[in-house]
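*Asks:* The structure's right below; bear with me while I get my questions together.
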Amino acid sequence: MRVRTIVGIGLVAATLIGCSSTPRQSEPSTIGNLAARHALDMQGKPYRYGGNTPRGFDCSGLVQYSYSLAGIDLPRSTEGLWKYSSAISTRNLQPGDLLFFNQEGKRSSHVAIYVGSQRFVHAPSTGKRVSIGSLNSAYWRRHLESARRPLLQ
């Protein structure tokens, strides 16, 4: 009887320990949510070409900064971000995914962070501020080139 009780207690303890383990920090959805929240916190910050701090951001600087606060180092340029991500369907967008746009005839000339509900946060252009855009907008739908998910380790 005593051996069965000890074995039973051991099995219960092992089960509870297994259930209490915390999720991996590097799961893309967790990191993406954090990066999206950090980008949202930068709303109203000024656009600054080459900027990657709250004193001013350009589009890729905002992405790099937001992911760095989430613990991930991403490339600084839109080209580097494109190479360090994989294509996904817009039907599968999750917060933290990257949206690449063609503007002024230039491929992948603008990048934004998807935040959910067909919205994204981005540093638009000179004279503007970090703000939220919508994929429901005819302008942004027309210029959307690709939805991509950063490659995280």
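In the structure tokens, chains take the letters A, B, ... in the order shown, each chain's residues start at 1, and ligands count up from 1 in the order shown.
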Counting only C-alpha atoms, what is within 9 Å of stretch 118-126 of chain A, bar same-chain residues fewer than 4 positions away, as a short mmCIF file (atom, residue, chain, number, x, y, z; two decimals) with N, CA and C atoms, in the first residue's frame?

*Replies:*
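And here is the file that came out, around37.cif:
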data_model
loop_
_atom_site.label_atom_id
_atom_site.label_comp_id
_atom_site.auth_asym_id
_atom_site.auth_seq_id
_atom_site.Cartn_x
_atom_site.Cartn_y
_atom_site.Cartn_z
N ALA A 36 4.66 44.30 -31.91
CA ALA A 36 3.51 45.12 -32.33
C ALA A 36 3.13 46.11 -31.24
N ALA A 39 5.68 48.90 -31.15
CA ALA A 39 5.48 49.81 -32.29
C ALA A 39 4.28 50.73 -32.04
N LEU A 40 3.21 50.17 -31.50
CA LEU A 40 2.03 50.99 -31.18
C LEU A 40 2.37 52.07 -30.16
N MET A 42 4.90 53.77 -30.07
CA MET A 42 5.66 54.83 -30.73
C MET A 42 4.77 55.76 -31.56
N GLN A 43 3.45 55.53 -31.56
CA GLN A 43 2.55 56.42 -32.30
C GLN A 43 2.79 57.86 -31.90
N LYS A 45 5.40 59.63 -32.69
CA LYS A 45 6.82 59.98 -32.82
C LYS A 45 7.07 60.45 -34.25
N PRO A 46 8.00 61.38 -34.44
CA PRO A 46 8.21 61.94 -35.79
C PRO A 46 8.91 60.98 -36.74
N TYR A 47 8.63 61.18 -38.03
CA TYR A 47 9.39 60.48 -39.07
C TYR A 47 10.75 61.17 -39.18
N ARG A 48 11.79 60.37 -39.31
CA ARG A 48 13.13 60.90 -39.57
C ARG A 48 13.86 59.90 -40.43
N TYR A 49 14.27 60.31 -41.62
CA TYR A 49 15.00 59.43 -42.51
C TYR A 49 16.24 58.89 -41.79
N GLY A 56 12.96 59.85 -33.63
CA GLY A 56 12.51 59.85 -35.02
C GLY A 56 12.77 58.50 -35.65
N PHE A 57 11.82 58.05 -36.49
CA PHE A 57 11.91 56.74 -37.14
C PHE A 57 11.68 56.86 -38.63
N ASP A 58 12.37 56.03 -39.39
CA ASP A 58 11.90 55.74 -40.73
C ASP A 58 11.24 54.37 -40.64
N CYS A 59 10.68 53.87 -41.72
CA CYS A 59 9.85 52.66 -41.63
C CYS A 59 10.63 51.44 -41.12
N SER A 60 11.80 51.19 -41.68
CA SER A 60 12.55 50.01 -41.24
C SER A 60 13.16 50.23 -39.86
N GLY A 61 13.45 51.47 -39.51
CA GLY A 61 13.96 51.78 -38.17
C GLY A 61 12.92 51.47 -37.10
N LEU A 62 11.65 51.75 -37.39
CA LEU A 62 10.58 51.43 -36.45
C LEU A 62 10.47 49.92 -36.25
N VAL A 63 10.57 49.16 -37.33
CA VAL A 63 10.52 47.69 -37.24
C VAL A 63 11.69 47.18 -36.42
N LEU A 93 -2.30 36.52 -41.36
CA LEU A 93 -1.56 37.56 -40.65
C LEU A 93 -1.74 37.46 -39.14
N PRO A 95 -0.22 39.55 -35.39
CA PRO A 95 0.52 40.73 -34.93
C PRO A 95 2.03 40.47 -34.96
N LEU A 98 5.25 41.40 -40.97
CA LEU A 98 5.70 42.58 -41.72
C LEU A 98 4.91 42.71 -43.01
N LEU A 99 4.56 43.93 -43.33
CA LEU A 99 3.86 44.24 -44.58
C LEU A 99 4.79 45.10 -45.42
N HIS A 110 8.58 50.36 -48.64
CA HIS A 110 8.00 50.73 -47.35
C HIS A 110 7.64 49.45 -46.60
N VAL A 111 7.86 49.46 -45.27
CA VAL A 111 7.55 48.30 -44.45
C VAL A 111 6.79 48.77 -43.21
N ALA A 112 5.88 47.93 -42.75
CA ALA A 112 5.05 48.23 -41.58
C ALA A 112 4.90 46.97 -40.75
N ILE A 113 4.43 47.14 -39.52
CA ILE A 113 4.18 46.00 -38.62
C ILE A 113 2.68 45.82 -38.46
N TYR A 114 2.21 44.63 -38.77
CA TYR A 114 0.80 44.31 -38.61
C TYR A 114 0.46 44.23 -37.13
N VAL A 130 4.63 58.55 -36.75
CA VAL A 130 4.28 57.14 -36.65
C VAL A 130 2.78 57.05 -36.40
N SER A 131 2.11 56.23 -37.21
CA SER A 131 0.66 56.17 -37.13
C SER A 131 0.15 54.79 -37.55
N ILE A 132 -1.15 54.63 -37.44
CA ILE A 132 -1.81 53.38 -37.83
C ILE A 132 -2.42 53.56 -39.21
N GLY A 133 -2.23 52.54 -40.04
CA GLY A 133 -2.85 52.48 -41.35
C GLY A 133 -3.77 51.28 -41.41
N SER A 134 -4.55 51.18 -42.46
CA SER A 134 -5.50 50.08 -42.60
C SER A 134 -5.36 49.38 -43.94
N LEU A 135 -5.38 48.07 -43.90
CA LEU A 135 -5.37 47.30 -45.14
C LEU A 135 -6.70 47.40 -45.86
N ASN A 136 -7.71 47.95 -45.21
CA ASN A 136 -9.00 48.18 -45.86
C ASN A 136 -8.97 49.43 -46.74
#

*Asks:* How would you write, as number ranges by chain, the set of residues in chain A that DSSP gives as strand (DSSP E)?

*Replies:* A: 52-53, 56-57, 85-88, 98-103, 106-116, 119-122, 131-134, 144-150

*Asks:* Between atom CA of A:Gly32 and atom CA of A:Asp97, what distance in Å does the model show, to one decimal?

*Replies:* 6.7 Å

*Asks:* Tell me, in Å to one decimal, how far atom CA of A:Ala138 is from atom CA of A:Phe101.

*Replies:* 12.8 Å

*Asks:* Could you please determine the separation between atom CA of A:Tyr139 and atom CA of A:Gly127 in Å, to one decimal place?

*Replies:*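 If I compute the distance from atom CA of A:Tyr139 to atom CA of A:Gly127, I get 19.1 Å.
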
*Asks:* Taking into account only C-alpha atoms, which residue in the set A:Ser66, A:Pro54, A:His38, A:Glu145 is nearest to A:Arg129?

*Replies:* A:Pro54

*Asks:* Taking the DSSP secondary structure from the backbone, can you list the residues of chain A that are helix (DSSP H, G or I), as number ranges by chain?

*Replies:* A: 2-19, 28-41, 59-69, 78-83, 90-92, 138-143

*Asks:* Skipping near chain neighbours, those fewer than 6 positions away, what residues fall within 12 Å of A:Thr30 using only C-alpha atoms, listed as a compact mmCIF listing (two decimals) with all heavy atoms, in the first residue's frame?

*Replies:*
# COMPACT_ATOMS: atom_id res chain seq x y z
N PRO A 23 5.64 28.76 -21.53
CA PRO A 23 5.87 28.67 -22.96
C PRO A 23 7.23 29.24 -23.33
O PRO A 23 7.74 30.11 -22.64
CB PRO A 23 4.74 29.50 -23.56
CG PRO A 23 4.17 30.29 -22.45
CD PRO A 23 4.57 29.63 -21.18
N ARG A 24 7.78 28.76 -24.45
CA ARG A 24 9.07 29.26 -24.91
C ARG A 24 8.96 30.74 -25.25
O ARG A 24 8.02 31.17 -25.88
CB ARG A 24 9.50 28.49 -26.16
CG ARG A 24 9.92 27.09 -25.88
CD ARG A 24 10.30 26.35 -27.14
NE ARG A 24 10.94 27.21 -28.10
CZ ARG A 24 10.79 27.08 -29.41
NH1 ARG A 24 10.02 26.15 -29.92
NH2 ARG A 24 11.41 27.90 -30.23
N ALA A 36 4.66 44.30 -31.91
CA ALA A 36 3.51 45.12 -32.33
C ALA A 36 3.13 46.11 -31.24
O ALA A 36 2.86 47.29 -31.51
CB ALA A 36 2.33 44.22 -32.69
N ARG A 37 3.13 45.66 -29.99
CA ARG A 37 2.80 46.58 -28.88
C ARG A 37 3.83 47.69 -28.75
O ARG A 37 3.48 48.86 -28.52
CB ARG A 37 2.69 45.81 -27.57
CG ARG A 37 1.31 45.20 -27.41
CD ARG A 37 1.11 44.64 -26.03
NE ARG A 37 1.21 43.20 -26.19
CZ ARG A 37 1.73 42.37 -25.32
NH1 ARG A 37 2.20 42.80 -24.19
NH2 ARG A 37 1.78 41.08 -25.56
N TYR A 67 11.23 45.36 -32.67
CA TYR A 67 11.66 43.98 -32.45
C TYR A 67 12.82 43.91 -31.46
O TYR A 67 12.92 42.96 -30.69
CB TYR A 67 12.01 43.28 -33.77
CG TYR A 67 10.82 42.53 -34.31
CD1 TYR A 67 9.95 43.11 -35.20
CD2 TYR A 67 10.55 41.23 -33.88
CE1 TYR A 67 8.83 42.42 -35.66
CE2 TYR A 67 9.45 40.53 -34.33
CZ TYR A 67 8.60 41.13 -35.22
OH TYR A 67 7.50 40.44 -35.66
N ALA A 70 11.59 43.65 -28.14
CA ALA A 70 11.02 42.32 -27.91
C ALA A 70 12.12 41.26 -27.82
O ALA A 70 11.83 40.07 -27.70
CB ALA A 70 10.04 41.97 -29.03
N GLY A 71 13.39 41.70 -27.90
CA GLY A 71 14.51 40.78 -27.72
C GLY A 71 15.05 40.16 -29.00
O GLY A 71 15.84 39.22 -28.94
N ILE A 72 14.67 40.69 -30.15
CA ILE A 72 15.12 40.13 -31.42
C ILE A 72 15.85 41.19 -32.24
O ILE A 72 15.35 42.29 -32.43
CB ILE A 72 13.91 39.61 -32.25
CG1 ILE A 72 13.16 38.53 -31.48
CG2 ILE A 72 14.33 39.12 -33.62
CD1 ILE A 72 13.95 37.26 -31.21
N GLN A 94 -0.63 37.68 -38.44
CA GLN A 94 -0.62 37.73 -36.98
C GLN A 94 0.11 39.01 -36.57
O GLN A 94 0.97 39.50 -37.31
CB GLN A 94 0.15 36.54 -36.40
CG GLN A 94 -0.46 35.21 -36.67
CD GLN A 94 0.43 34.09 -36.13
OE1 GLN A 94 1.42 34.31 -35.44
NE2 GLN A 94 0.06 32.86 -36.45
N PRO A 95 -0.22 39.55 -35.39
CA PRO A 95 0.52 40.73 -34.93
C PRO A 95 2.03 40.47 -34.96
O PRO A 95 2.50 39.41 -34.59
CB PRO A 95 0.01 40.91 -33.50
CG PRO A 95 -1.38 40.36 -33.54
CD PRO A 95 -1.28 39.15 -34.45
N GLY A 96 2.73 41.47 -35.47
CA GLY A 96 4.19 41.36 -35.60
C GLY A 96 4.64 40.99 -37.00
O GLY A 96 5.82 41.14 -37.32
N ASP A 97 3.73 40.51 -37.84
CA ASP A 97 4.10 40.21 -39.22
C ASP A 97 4.44 41.51 -39.93
O ASP A 97 3.98 42.59 -39.56
CB ASP A 97 2.97 39.48 -39.96
CG ASP A 97 2.82 38.04 -39.49
OD1 ASP A 97 3.78 37.48 -38.91
OD2 ASP A 97 1.74 37.46 -39.70
N LEU A 152 12.57 33.85 -36.90
CA LEU A 152 13.02 33.96 -35.51
C LEU A 152 13.61 32.63 -35.07
O LEU A 152 13.14 31.57 -35.47
CB LEU A 152 11.85 34.33 -34.61
CG LEU A 152 11.06 35.57 -35.04
CD1 LEU A 152 9.87 35.78 -34.12
CD2 LEU A 152 11.95 36.79 -35.05
